[in-house]
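Let me begin by presenting the structure, written as structure tokens, before commenting on it.
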Amino acid sequence: MSDLAAVSDLAREAADHDAADELAPLRAAFDLDDGTVYLNGNSLGALPRAVAPRLAEVVRHEWGRRLARSWGAWWTAPERVGDRIGRLVGAAPGQVVVGDSTSVNLFKALVAAVRLAGPERDEILVDAATFPTDGYIAASAARLTGRRVRAAEPGTIGREAGPRTAAVLVNHVDYRTGRLHDLPGITAAAHAAGARVVWDLCHSAGALPVGLDEHGVDLAAGCTYKYLNGGPGSPAFLYVRRELQSRFDSPLPGWNSHADPFGMEPGYRPADGAARGRVGTPDILSLLALDAALDVWDGVDLAALRSKSLALTDFFLRCVAAYVPEGRVTSVTPAAHAERGSQVSLRRPGAGEIMAELVRRDVVGDFRPPDVLRFGFAPLYCRFADAERAARELAAVVRGTGA
């Protein structure tokens, strides 16, 4: 088949997929330029149209007119918005609180997990390919609690947990490769060894079903500015399984997590429930922007979301294979659906320059040193036509010709 015939066939197939896509109407809920292919939702999600008018209302009326009187409505937002995220990560109400950053929440969760362990458990087991900050947090938690850090490959980390393991920290999806790690299996293996598990959900929340309650996860944290579209720097979330909440000993107790925050007692008494995960005053503007952004998720079937994610990434890989000369790029994202998140990562020397040229052509992905091109597929707004065009432009850049 000629190159032109391949392009024509795949372009027609993309149009057919988009016409049949049950999530396609949701794209209209986002402020997107149809001339741009946006495949960087795994770094920063697109802007939902509902956010700007909601923020304007908050600024003009709730802050501008009502002033401090608005705290009556704002005060419970961390738990209320947390419950909305809870549905998307498989957590029943009362177990998720929103606030702080992912790093801060992981620190709280990991130290609390270690404190739940007995004194004979002296190691923190971490994913060897972890996002760097997670490693920094683990090292700090170890210093604080008198433990040591040991790294293990995600594929073996469950088997590596033993009688000395206090806590296991794992990324659900590898940020470089898009590999989806075995949350149910690793959690069960860690529990069998008597250890607690903390999951980093930054690259899975809003991209695929997680099932925190179903799989007995102890603690988890994740950001909201990627697939959840909360905006740059939007507050992160913290999950504490209900059975552990009464023993959740945060290393960062603050007045907002006090049982009587306005009592101003000199001694600390932790609040009950998810509020125990709070620290200081909530970032209300960002929190309410996130709340508005979550409206687009109302009624979304997570099984349909996952089905589209896999179909999009499959189709993109097919287009890359058809358009890009053999051997010019190598996929480092697993082919098996059970091992794939919602991104495709391609390895190629000079990846930074290639991505810069793609961005100039209005195909926006991102680059991770030294040689990885990342393409994130947010199922709520990404189209099959986007996948086809991105592969076509990538081929043109790799060949060194015009599109």
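Letters for chains follow the order of the structure tokens (A, B, ...), residue numbers begin at 1 for each chain, and ligand numbers begin at 1 in the order shown.
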Region 303-353 of chain A residues near region 172-184 of chain A within 12 Å, closest pair each, using only C-alpha atoms, as a tab-separated table:
```
residue	atom	partner	partner_atom	distance
A:Leu310	CA	A:Gly178	CA	12.0
A:Thr313	CA	A:Gly178	CA	10.7
A:Thr330	CA	A:Thr177	CA	11.3
A:Ser331	CA	A:Thr177	CA	8.6
A:Val332	CA	A:Thr177	CA	5.7
A:Thr333	CA	A:Thr177	CA	5.1
A:Pro334	CA	A:Arg179	CA	6.1
A:Ala335	CA	A:Arg179	CA	9.4
A:Ala336	CA	A:Arg179	CA	9.5
A:His337	CA	A:Leu180	CA	8.8
A:Ala338	CA	A:Leu180	CA	7.1
A:Glu339	CA	A:Leu180	CA	4.5
A:Arg340	CA	A:Leu180	CA	4.8
A:Gly341	CA	A:Leu180	CA	5.1
A:Ser342	CA	A:Gly178	CA	6.8
A:Gln343	CA	A:Gly178	CA	5.4
A:Val344	CA	A:Gly178	CA	6.3
A:Ser345	CA	A:Thr177	CA	5.3
A:Leu346	CA	A:Thr177	CA	8.2
A:Arg347	CA	A:Thr177	CA	9.4
```
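Neighbouring residues of region 27-31 of chain A at 6 Å or closer, counting only C-alpha atoms and skipping chain neighbours under 2 positions away, are A:Ala24, A:Pro25, A:Leu47, A:Pro48, A:Arg49, A:Tyr381.
With only C-alpha atoms as the atoms that count, the minimum distance from Ser103 (chain A) to the choices A:Arg242, A:Arg115, A:Asp200, A:Ser70 is reached by A:Asp200.
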Which residue, A:Ala391, A:Leu110, A:Leu288, A:Gly352, has the smallest gap to Pro53 (chain A) when you use only C-alpha atoms? A:Leu288
For Phe248 (chain A), list every protein, DNA or RNA residue within 12 Å, evaluated using only C-alpha atoms, and leave out those in the same chain fewer than 5 positions away; present the list as a PyMOL selection string. chain A and resi 95+108-117+218-219+238-243+253+257+270-278
Alpha helix (DSSP H) positions in region 307-393 of chain A, given as a PDB file with all heavy atoms, in the first residue's frame:
```
ATOM      1  N   SER A 307     -11.981   2.130  28.052  1.00  0.00           N
ATOM      2  CA  SER A 307     -12.086   1.541  26.716  1.00  0.00           C
ATOM      3  C   SER A 307     -11.590   2.519  25.653  1.00  0.00           C
ATOM      4  O   SER A 307     -10.833   2.148  24.741  1.00  0.00           O
ATOM      5  CB  SER A 307     -13.532   1.139  26.445  1.00  0.00           C
ATOM      6  OG  SER A 307     -13.666   0.609  25.143  1.00  0.00           O
ATOM      7  N   LYS A 308     -11.989   3.785  25.768  1.00  0.00           N
ATOM      8  CA  LYS A 308     -11.544   4.770  24.779  1.00  0.00           C
ATOM      9  C   LYS A 308     -10.048   5.016  24.902  1.00  0.00           C
ATOM     10  O   LYS A 308      -9.354   5.152  23.884  1.00  0.00           O
ATOM     11  CB  LYS A 308     -12.309   6.082  24.935  1.00  0.00           C
ATOM     12  CG  LYS A 308     -11.885   7.120  23.890  1.00  0.00           C
ATOM     13  CD  LYS A 308     -12.641   8.425  23.987  1.00  0.00           C
ATOM     14  CE  LYS A 308     -12.100   9.443  22.982  1.00  0.00           C
ATOM     15  NZ  LYS A 308     -12.770  10.756  23.069  1.00  0.00           N
ATOM     16  N   SER A 309      -9.526   5.095  26.123  1.00  0.00           N
ATOM     17  CA  SER A 309      -8.096   5.307  26.323  1.00  0.00           C
ATOM     18  C   SER A 309      -7.284   4.240  25.604  1.00  0.00           C
ATOM     19  O   SER A 309      -6.312   4.535  24.896  1.00  0.00           O
ATOM     20  CB  SER A 309      -7.777   5.303  27.813  1.00  0.00           C
ATOM     21  OG  SER A 309      -6.401   5.144  28.053  1.00  0.00           O
ATOM     22  N   LEU A 310      -7.665   2.998  25.793  1.00  0.00           N
ATOM     23  CA  LEU A 310      -6.926   1.901  25.161  1.00  0.00           C
ATOM     24  C   LEU A 310      -7.084   1.929  23.647  1.00  0.00           C
ATOM     25  O   LEU A 310      -6.119   1.681  22.904  1.00  0.00           O
ATOM     26  CB  LEU A 310      -7.392   0.563  25.730  1.00  0.00           C
ATOM     27  CG  LEU A 310      -7.037   0.330  27.198  1.00  0.00           C
ATOM     28  CD1 LEU A 310      -7.726  -0.914  27.736  1.00  0.00           C
ATOM     29  CD2 LEU A 310      -5.517   0.212  27.385  1.00  0.00           C
ATOM     30  N   ALA A 311      -8.289   2.256  23.179  1.00  0.00           N
ATOM     31  CA  ALA A 311      -8.504   2.329  21.737  1.00  0.00           C
ATOM     32  C   ALA A 311      -7.676   3.458  21.119  1.00  0.00           C
ATOM     33  O   ALA A 311      -7.098   3.301  20.027  1.00  0.00           O
ATOM     34  CB  ALA A 311      -9.984   2.531  21.439  1.00  0.00           C
ATOM     35  N   LEU A 312      -7.619   4.602  21.791  1.00  0.00           N
ATOM     36  CA  LEU A 312      -6.827   5.730  21.289  1.00  0.00           C
ATOM     37  C   LEU A 312      -5.340   5.387  21.223  1.00  0.00           C
ATOM     38  O   LEU A 312      -4.672   5.665  20.210  1.00  0.00           O
ATOM     39  CB  LEU A 312      -7.010   6.948  22.200  1.00  0.00           C
ATOM     40  CG  LEU A 312      -8.199   7.866  21.965  1.00  0.00           C
ATOM     41  CD1 LEU A 312      -8.372   8.809  23.147  1.00  0.00           C
ATOM     42  CD2 LEU A 312      -8.039   8.662  20.677  1.00  0.00           C
ATOM     43  N   THR A 313      -4.813   4.810  22.290  1.00  0.00           N
ATOM     44  CA  THR A 313      -3.383   4.506  22.305  1.00  0.00           C
ATOM     45  C   THR A 313      -3.057   3.385  21.327  1.00  0.00           C
ATOM     46  O   THR A 313      -2.004   3.422  20.671  1.00  0.00           O
ATOM     47  CB  THR A 313      -2.906   4.182  23.731  1.00  0.00           C
ATOM     48  OG1 THR A 313      -3.795   3.227  24.346  1.00  0.00           O
ATOM     49  CG2 THR A 313      -2.903   5.435  24.599  1.00  0.00           C
ATOM     50  N   ASP A 314      -3.933   2.399  21.199  1.00  0.00           N
ATOM     51  CA  ASP A 314      -3.743   1.369  20.175  1.00  0.00           C
ATOM     52  C   ASP A 314      -3.693   1.990  18.779  1.00  0.00           C
ATOM     53  O   ASP A 314      -2.824   1.665  17.961  1.00  0.00           O
ATOM     54  CB  ASP A 314      -4.897   0.358  20.214  1.00  0.00           C
ATOM     55  CG  ASP A 314      -4.730  -0.721  21.268  1.00  0.00           C
ATOM     56  OD1 ASP A 314      -3.603  -0.896  21.781  1.00  0.00           O
ATOM     57  OD2 ASP A 314      -5.735  -1.390  21.589  1.00  0.00           O
ATOM     58  N   PHE A 315      -4.646   2.866  18.495  1.00  0.00           N
ATOM     59  CA  PHE A 315      -4.740   3.472  17.173  1.00  0.00           C
ATOM     60  C   PHE A 315      -3.516   4.346  16.893  1.00  0.00           C
ATOM     61  O   PHE A 315      -2.964   4.324  15.780  1.00  0.00           O
ATOM     62  CB  PHE A 315      -6.026   4.299  17.068  1.00  0.00           C
ATOM     63  CG  PHE A 315      -6.251   4.911  15.713  1.00  0.00           C
ATOM     64  CD1 PHE A 315      -6.505   4.108  14.601  1.00  0.00           C
ATOM     65  CD2 PHE A 315      -6.210   6.286  15.544  1.00  0.00           C
ATOM     66  CE1 PHE A 315      -6.706   4.671  13.347  1.00  0.00           C
ATOM     67  CE2 PHE A 315      -6.409   6.855  14.298  1.00  0.00           C
ATOM     68  CZ  PHE A 315      -6.658   6.051  13.189  1.00  0.00           C
ATOM     69  N   PHE A 316      -3.065   5.099  17.884  1.00  0.00           N
ATOM     70  CA  PHE A 316      -1.877   5.930  17.690  1.00  0.00           C
ATOM     71  C   PHE A 316      -0.662   5.060  17.371  1.00  0.00           C
ATOM     72  O   PHE A 316       0.120   5.374  16.455  1.00  0.00           O
ATOM     73  CB  PHE A 316      -1.618   6.762  18.943  1.00  0.00           C
ATOM     74  CG  PHE A 316      -0.383   7.615  18.873  1.00  0.00           C
ATOM     75  CD1 PHE A 316      -0.293   8.673  17.981  1.00  0.00           C
ATOM     76  CD2 PHE A 316       0.704   7.356  19.709  1.00  0.00           C
ATOM     77  CE1 PHE A 316       0.852   9.463  17.912  1.00  0.00           C
ATOM     78  CE2 PHE A 316       1.847   8.138  19.648  1.00  0.00           C
ATOM     79  CZ  PHE A 316       1.924   9.189  18.744  1.00  0.00           C
ATOM     80  N   LEU A 317      -0.490   3.958  18.088  1.00  0.00           N
ATOM     81  CA  LEU A 317       0.632   3.061  17.814  1.00  0.00           C
ATOM     82  C   LEU A 317       0.540   2.470  16.412  1.00  0.00           C
ATOM     83  O   LEU A 317       1.566   2.315  15.725  1.00  0.00           O
ATOM     84  CB  LEU A 317       0.691   1.959  18.872  1.00  0.00           C
ATOM     85  CG  LEU A 317       1.193   2.402  20.255  1.00  0.00           C
ATOM     86  CD1 LEU A 317       0.902   1.336  21.302  1.00  0.00           C
ATOM     87  CD2 LEU A 317       2.689   2.716  20.211  1.00  0.00           C
ATOM     88  N   ARG A 318      -0.668   2.162  15.956  1.00  0.00           N
ATOM     89  CA  ARG A 318      -0.844   1.665  14.578  1.00  0.00           C
ATOM     90  C   ARG A 318      -0.459   2.739  13.565  1.00  0.00           C
ATOM     91  O   ARG A 318       0.210   2.449  12.567  1.00  0.00           O
ATOM     92  CB  ARG A 318      -2.298   1.258  14.351  1.00  0.00           C
ATOM     93  CG  ARG A 318      -2.679  -0.112  14.915  1.00  0.00           C
ATOM     94  CD  ARG A 318      -4.127  -0.431  14.607  1.00  0.00           C
ATOM     95  NE  ARG A 318      -4.413  -0.291  13.187  1.00  0.00           N
ATOM     96  CZ  ARG A 318      -5.575   0.123  12.675  1.00  0.00           C
ATOM     97  NH1 ARG A 318      -6.565   0.454  13.491  1.00  0.00           N
ATOM     98  NH2 ARG A 318      -5.749   0.195  11.377  1.00  0.00           N
ATOM     99  N   CYS A 319      -0.871   3.968  13.822  1.00  0.00           N
ATOM    100  CA  CYS A 319      -0.548   5.059  12.903  1.00  0.00           C
ATOM    101  C   CYS A 319       0.958   5.316  12.870  1.00  0.00           C
ATOM    102  O   CYS A 319       1.537   5.548  11.793  1.00  0.00           O
ATOM    103  CB  CYS A 319      -1.292   6.337  13.301  1.00  0.00           C
ATOM    104  SG  CYS A 319      -3.083   6.265  13.040  1.00  0.00           S
ATOM    105  N   VAL A 320       1.595   5.261  14.025  1.00  0.00           N
ATOM    106  CA  VAL A 320       3.048   5.442  14.068  1.00  0.00           C
ATOM    107  C   VAL A 320       3.732   4.341  13.262  1.00  0.00           C
ATOM    108  O   VAL A 320       4.653   4.600  12.473  1.00  0.00           O
ATOM    109  CB  VAL A 320       3.546   5.452  15.530  1.00  0.00           C
ATOM    110  CG1 VAL A 320       5.076   5.356  15.587  1.00  0.00           C
ATOM    111  CG2 VAL A 320       3.068   6.712  16.242  1.00  0.00           C
ATOM    112  N   ALA A 321       3.283   3.100  13.435  1.00  0.00           N
ATOM    113  CA  ALA A 321       3.877   1.987  12.691  1.00  0.00           C
ATOM    114  C   ALA A 321       3.679   2.144  11.190  1.00  0.00           C
ATOM    115  O   ALA A 321       4.552   1.770  10.388  1.00  0.00           O
ATOM    116  CB  ALA A 321       3.278   0.667  13.170  1.00  0.00           C
ATOM    117  N   ALA A 322       2.537   2.711  10.801  1.00  0.00           N
ATOM    118  CA  ALA A 322       2.241   2.868   9.375  1.00  0.00           C
ATOM    119  C   ALA A 322       2.984   4.041   8.749  1.00  0.00           C
ATOM    120  O   ALA A 322       3.381   3.982   7.579  1.00  0.00           O
ATOM    121  CB  ALA A 322       0.737   3.038   9.180  1.00  0.00           C
ATOM    122  N   TYR A 323       3.186   5.115   9.504  1.00  0.00           N
ATOM    123  CA  TYR A 323       3.715   6.351   8.938  1.00  0.00           C
ATOM    124  C   TYR A 323       5.221   6.544   9.143  1.00  0.00           C
ATOM    125  O   TYR A 323       5.899   7.098   8.269  1.00  0.00           O
ATOM    126  CB  TYR A 323       3.008   7.571   9.552  1.00  0.00           C
ATOM    127  CG  TYR A 323       1.537   7.698   9.251  1.00  0.00           C
ATOM    128  CD1 TYR A 323       0.757   8.582   9.987  1.00  0.00           C
ATOM    129  CD2 TYR A 323       0.924   6.964   8.248  1.00  0.00           C
ATOM    130  CE1 TYR A 323      -0.604   8.731   9.730  1.00  0.00           C
ATOM    131  CE2 TYR A 323      -0.440   7.098   7.986  1.00  0.00           C
ATOM    132  CZ  TYR A 323      -1.190   7.989   8.737  1.00  0.00           C
ATOM    133  OH  TYR A 323      -2.530   8.132   8.479  1.00  0.00           O
ATOM    134  N   ALA A 351      15.107  13.562  20.808  1.00  0.00           N
ATOM    135  CA  ALA A 351      13.675  13.686  21.098  1.00  0.00           C
ATOM    136  C   ALA A 351      13.283  15.111  21.473  1.00  0.00           C
ATOM    137  O   ALA A 351      12.186  15.566  21.132  1.00  0.00           O
ATOM    138  CB  ALA A 351      13.279  12.719  22.215  1.00  0.00           C
ATOM    139  N   GLY A 352      14.158  15.817  22.163  1.00  0.00           N
ATOM    140  CA  GLY A 352      13.833  17.185  22.561  1.00  0.00           C
ATOM    141  C   GLY A 352      13.608  18.084  21.367  1.00  0.00           C
ATOM    142  O   GLY A 352      12.645  18.863  21.320  1.00  0.00           O
ATOM    143  N   GLU A 353      14.478  18.000  20.365  1.00  0.00           N
ATOM    144  CA  GLU A 353      14.339  18.810  19.158  1.00  0.00           C
ATOM    145  C   GLU A 353      13.111  18.394  18.352  1.00  0.00           C
ATOM    146  O   GLU A 353      12.410  19.238  17.770  1.00  0.00           O
ATOM    147  CB  GLU A 353      15.594  18.698  18.294  1.00  0.00           C
ATOM    148  CG  GLU A 353      16.838  19.332  18.890  1.00  0.00           C
ATOM    149  CD  GLU A 353      17.515  18.454  19.944  1.00  0.00           C
ATOM    150  OE1 GLU A 353      17.060  17.309  20.144  1.00  0.00           O
ATOM    151  OE2 GLU A 353      18.490  18.931  20.560  1.00  0.00           O
ATOM    152  N   ILE A 354      12.850  17.085  18.321  1.00  0.00           N
ATOM    153  CA  ILE A 354      11.673  16.598  17.593  1.00  0.00           C
ATOM    154  C   ILE A 354      10.393  17.133  18.228  1.00  0.00           C
ATOM    155  O   ILE A 354       9.492  17.619  17.530  1.00  0.00           O
ATOM    156  CB  ILE A 354      11.668  15.058  17.559  1.00  0.00           C
ATOM    157  CG1 ILE A 354      12.800  14.547  16.652  1.00  0.00           C
ATOM    158  CG2 ILE A 354      10.323  14.522  17.076  1.00  0.00           C
ATOM    159  CD1 ILE A 354      13.010  13.064  16.713  1.00  0.00           C
ATOM    160  N   MET A 355      10.312  17.081  19.567  1.00  0.00           N
ATOM    161  CA  MET A 355       9.095  17.573  20.215  1.00  0.00           C
ATOM    162  C   MET A 355       8.946  19.071  20.015  1.00  0.00           C
ATOM    163  O   MET A 355       7.835  19.580  19.813  1.00  0.00           O
ATOM    164  CB  MET A 355       9.099  17.221  21.702  1.00  0.00           C
ATOM    165  CG  MET A 355       7.813  17.628  22.418  1.00  0.00           C
ATOM    166  SD  MET A 355       6.294  16.971  21.655  1.00  0.00           S
ATOM    167  CE  MET A 355       6.454  15.211  22.027  1.00  0.00           C
ATOM    168  N   ALA A 356      10.046  19.798  20.049  1.00  0.00           N
ATOM    169  CA  ALA A 356       9.963  21.244  19.822  1.00  0.00           C
ATOM    170  C   ALA A 356       9.398  21.538  18.438  1.00  0.00           C
ATOM    171  O   ALA A 356       8.585  22.457  18.263  1.00  0.00           O
ATOM    172  CB  ALA A 356      11.342  21.879  19.978  1.00  0.00           C
ATOM    173  N   GLU A 357       9.800  20.752  17.447  1.00  0.00           N
ATOM    174  CA  GLU A 357       9.273  20.950  16.095  1.00  0.00           C
ATOM    175  C   GLU A 357       7.799  20.550  16.018  1.00  0.00           C
ATOM    176  O   GLU A 357       6.993  21.216  15.354  1.00  0.00           O
ATOM    177  CB  GLU A 357      10.092  20.148  15.083  1.00  0.00           C
ATOM    178  CG  GLU A 357       9.591  20.227  13.649  1.00  0.00           C
ATOM    179  CD  GLU A 357       9.539  21.645  13.092  1.00  0.00           C
ATOM    180  OE1 GLU A 357      10.306  22.525  13.564  1.00  0.00           O
ATOM    181  OE2 GLU A 357       8.718  21.886  12.175  1.00  0.00           O
ATOM    182  N   LEU A 358       7.422  19.481  16.692  1.00  0.00           N
ATOM    183  CA  LEU A 358       6.009  19.091  16.718  1.00  0.00           C
ATOM    184  C   LEU A 358       5.151  20.195  17.340  1.00  0.00           C
ATOM    185  O   LEU A 358       4.063  20.500  16.845  1.00  0.00           O
ATOM    186  CB  LEU A 358       5.836  17.783  17.498  1.00  0.00           C
ATOM    187  CG  LEU A 358       6.286  16.507  16.794  1.00  0.00           C
ATOM    188  CD1 LEU A 358       6.237  15.321  17.751  1.00  0.00           C
ATOM    189  CD2 LEU A 358       5.436  16.219  15.554  1.00  0.00           C
ATOM    190  N   VAL A 359       5.637  20.790  18.413  1.00  0.00           N
ATOM    191  CA  VAL A 359       4.888  21.875  19.050  1.00  0.00           C
ATOM    192  C   VAL A 359       4.745  23.051  18.096  1.00  0.00           C
ATOM    193  O   VAL A 359       3.679  23.678  18.022  1.00  0.00           O
ATOM    194  CB  VAL A 359       5.562  22.290  20.376  1.00  0.00           C
ATOM    195  CG1 VAL A 359       4.920  23.554  20.939  1.00  0.00           C
ATOM    196  CG2 VAL A 359       5.472  21.156  21.409  1.00  0.00           C
ATOM    197  N   ARG A 360       5.791  23.332  17.329  1.00  0.00           N
ATOM    198  CA  ARG A 360       5.684  24.402  16.325  1.00  0.00           C
ATOM    199  C   ARG A 360       4.626  24.079  15.281  1.00  0.00           C
ATOM    200  O   ARG A 360       4.020  24.979  14.697  1.00  0.00           O
ATOM    201  CB  ARG A 360       7.042  24.635  15.653  1.00  0.00           C
ATOM    202  CG  ARG A 360       8.026  25.433  16.497  1.00  0.00           C
ATOM    203  CD  ARG A 360       9.241  25.870  15.706  1.00  0.00           C
ATOM    204  NE  ARG A 360      10.138  24.754  15.425  1.00  0.00           N
ATOM    205  CZ  ARG A 360      11.142  24.383  16.218  1.00  0.00           C
ATOM    206  NH1 ARG A 360      11.361  25.034  17.360  1.00  0.00           N
ATOM    207  NH2 ARG A 360      11.915  23.378  15.888  1.00  0.00           N
ATOM    208  N   PHE A 384      -9.639  10.538  17.866  1.00  0.00           N
ATOM    209  CA  PHE A 384      -8.848   9.642  17.030  1.00  0.00           C
ATOM    210  C   PHE A 384      -8.181  10.429  15.902  1.00  0.00           C
ATOM    211  O   PHE A 384      -7.065  10.101  15.490  1.00  0.00           O
ATOM    212  CB  PHE A 384      -9.728   8.518  16.491  1.00  0.00           C
ATOM    213  CG  PHE A 384     -10.139   7.539  17.541  1.00  0.00           C
ATOM    214  CD1 PHE A 384     -11.272   7.758  18.319  1.00  0.00           C
ATOM    215  CD2 PHE A 384      -9.388   6.401  17.796  1.00  0.00           C
ATOM    216  CE1 PHE A 384     -11.649   6.875  19.313  1.00  0.00           C
ATOM    217  CE2 PHE A 384      -9.750   5.498  18.788  1.00  0.00           C
ATOM    218  CZ  PHE A 384     -10.882   5.739  19.543  1.00  0.00           C
ATOM    219  N   ALA A 385      -8.831  11.474  15.425  1.00  0.00           N
ATOM    220  CA  ALA A 385      -8.217  12.333  14.413  1.00  0.00           C
ATOM    221  C   ALA A 385      -6.957  12.993  14.962  1.00  0.00           C
ATOM    222  O   ALA A 385      -5.990  13.223  14.220  1.00  0.00           O
ATOM    223  CB  ALA A 385      -9.212  13.391  13.936  1.00  0.00           C
ATOM    224  N   ASP A 386      -6.934  13.310  16.268  1.00  0.00           N
ATOM    225  CA  ASP A 386      -5.735  13.870  16.879  1.00  0.00           C
ATOM    226  C   ASP A 386      -4.589  12.860  16.845  1.00  0.00           C
ATOM    227  O   ASP A 386      -3.436  13.210  16.562  1.00  0.00           O
ATOM    228  CB  ASP A 386      -6.008  14.258  18.335  1.00  0.00           C
ATOM    229  CG  ASP A 386      -7.039  15.363  18.477  1.00  0.00           C
ATOM    230  OD1 ASP A 386      -7.138  16.203  17.566  1.00  0.00           O
ATOM    231  OD2 ASP A 386      -7.741  15.382  19.506  1.00  0.00           O
ATOM    232  N   ALA A 387      -4.917  11.602  17.147  1.00  0.00           N
ATOM    233  CA  ALA A 387      -3.896  10.553  17.140  1.00  0.00           C
ATOM    234  C   ALA A 387      -3.318  10.374  15.737  1.00  0.00           C
ATOM    235  O   ALA A 387      -2.093  10.247  15.561  1.00  0.00           O
ATOM    236  CB  ALA A 387      -4.496   9.243  17.644  1.00  0.00           C
ATOM    237  N   GLU A 388      -4.194  10.370  14.743  1.00  0.00           N
ATOM    238  CA  GLU A 388      -3.723  10.183  13.355  1.00  0.00           C
ATOM    239  C   GLU A 388      -2.848  11.348  12.919  1.00  0.00           C
ATOM    240  O   GLU A 388      -1.777  11.154  12.335  1.00  0.00           O
ATOM    241  CB  GLU A 388      -4.935  10.034  12.436  1.00  0.00           C
ATOM    242  CG  GLU A 388      -4.592   9.611  11.004  1.00  0.00           C
ATOM    243  CD  GLU A 388      -4.244  10.794  10.115  1.00  0.00           C
ATOM    244  OE1 GLU A 388      -4.713  11.925  10.379  1.00  0.00           O
ATOM    245  OE2 GLU A 388      -3.472  10.592   9.133  1.00  0.00           O
ATOM    246  N   ARG A 389      -3.272  12.576  13.199  1.00  0.00           N
ATOM    247  CA  ARG A 389      -2.472  13.736  12.777  1.00  0.00           C
ATOM    248  C   ARG A 389      -1.135  13.781  13.508  1.00  0.00           C
ATOM    249  O   ARG A 389      -0.098  14.107  12.913  1.00  0.00           O
ATOM    250  CB  ARG A 389      -3.245  15.027  13.014  1.00  0.00           C
ATOM    251  CG  ARG A 389      -2.454  16.261  12.574  1.00  0.00           C
ATOM    252  CD  ARG A 389      -3.200  17.546  12.791  1.00  0.00           C
ATOM    253  NE  ARG A 389      -2.282  18.668  12.850  1.00  0.00           N
ATOM    254  CZ  ARG A 389      -2.577  19.854  13.352  1.00  0.00           C
ATOM    255  NH1 ARG A 389      -3.790  20.095  13.848  1.00  0.00           N
ATOM    256  NH2 ARG A 389      -1.686  20.823  13.369  1.00  0.00           N
ATOM    257  N   ALA A 390      -1.139  13.460  14.794  1.00  0.00           N
ATOM    258  CA  ALA A 390       0.116  13.477  15.553  1.00  0.00           C
ATOM    259  C   ALA A 390       1.116  12.492  14.962  1.00  0.00           C
ATOM    260  O   ALA A 390       2.305  12.812  14.807  1.00  0.00           O
ATOM    261  CB  ALA A 390      -0.158  13.147  17.022  1.00  0.00           C
ATOM    262  N   ALA A 391       0.658  11.305  14.614  1.00  0.00           N
ATOM    263  CA  ALA A 391       1.557  10.312  14.019  1.00  0.00           C
ATOM    264  C   ALA A 391       2.053  10.777  12.650  1.00  0.00           C
ATOM    265  O   ALA A 391       3.228  10.572  12.301  1.00  0.00           O
ATOM    266  CB  ALA A 391       0.840   8.976  13.897  1.00  0.00           C
ATOM    267  N   ARG A 392       1.184  11.405  11.895  1.00  0.00           N
ATOM    268  CA  ARG A 392       1.563  11.884  10.562  1.00  0.00           C
ATOM    269  C   ARG A 392       2.610  12.998  10.660  1.00  0.00           C
ATOM    270  O   ARG A 392       3.597  13.026   9.909  1.00  0.00           O
ATOM    271  CB  ARG A 392       0.302  12.355   9.829  1.00  0.00           C
ATOM    272  CG  ARG A 392       0.506  12.797   8.406  1.00  0.00           C
ATOM    273  CD  ARG A 392      -0.800  12.742   7.599  1.00  0.00           C
ATOM    274  NE  ARG A 392      -1.999  13.008   8.357  1.00  0.00           N
ATOM    275  CZ  ARG A 392      -2.535  14.217   8.518  1.00  0.00           C
ATOM    276  NH1 ARG A 392      -1.956  15.278   7.984  1.00  0.00           N
ATOM    277  NH2 ARG A 392      -3.667  14.360   9.191  1.00  0.00           N
ATOM    278  N   GLU A 393       2.392  13.944  11.572  1.00  0.00           N
ATOM    279  CA  GLU A 393       3.358  15.015  11.752  1.00  0.00           C
ATOM    280  C   GLU A 393       4.683  14.477  12.307  1.00  0.00           C
ATOM    281  O   GLU A 393       5.767  14.936  11.921  1.00  0.00           O
ATOM    282  CB  GLU A 393       2.798  16.088  12.687  1.00  0.00           C
ATOM    283  CG  GLU A 393       1.582  16.823  12.141  1.00  0.00           C
ATOM    284  CD  GLU A 393       1.934  17.879  11.103  1.00  0.00           C
ATOM    285  OE1 GLU A 393       3.112  17.953  10.685  1.00  0.00           O
ATOM    286  OE2 GLU A 393       1.027  18.617  10.715  1.00  0.00           O
TER     287      GLU A 393
END
```
From the options A:Leu244, A:Leu305, A:Val397, A:Ala195, which residue's atoms come nearest to Arg121 (chain A), counting only C-alpha atoms? A:Ala195
Restricting the calculation to only C-alpha atoms, which member of A:Leu228, A:Leu201, A:Leu23, A:Leu380 is positioned closest to Gly45 (chain A)? A:Leu228
Skip Ala289 (chain A) itself and residues of its chain fewer than 5 positions away, then list as a list in words all residues within 7 Å of it, counting only C-alpha atoms. Val51, Leu55 and Gly230 of chain A
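Taking only C-alpha atoms, the non-local environment of Pro154 (chain A) within 8 Å (same-chain residues fewer than 6 positions away omitted) comprises Asp127, Ala128, Ala129, Val170 and His181 of chain A.
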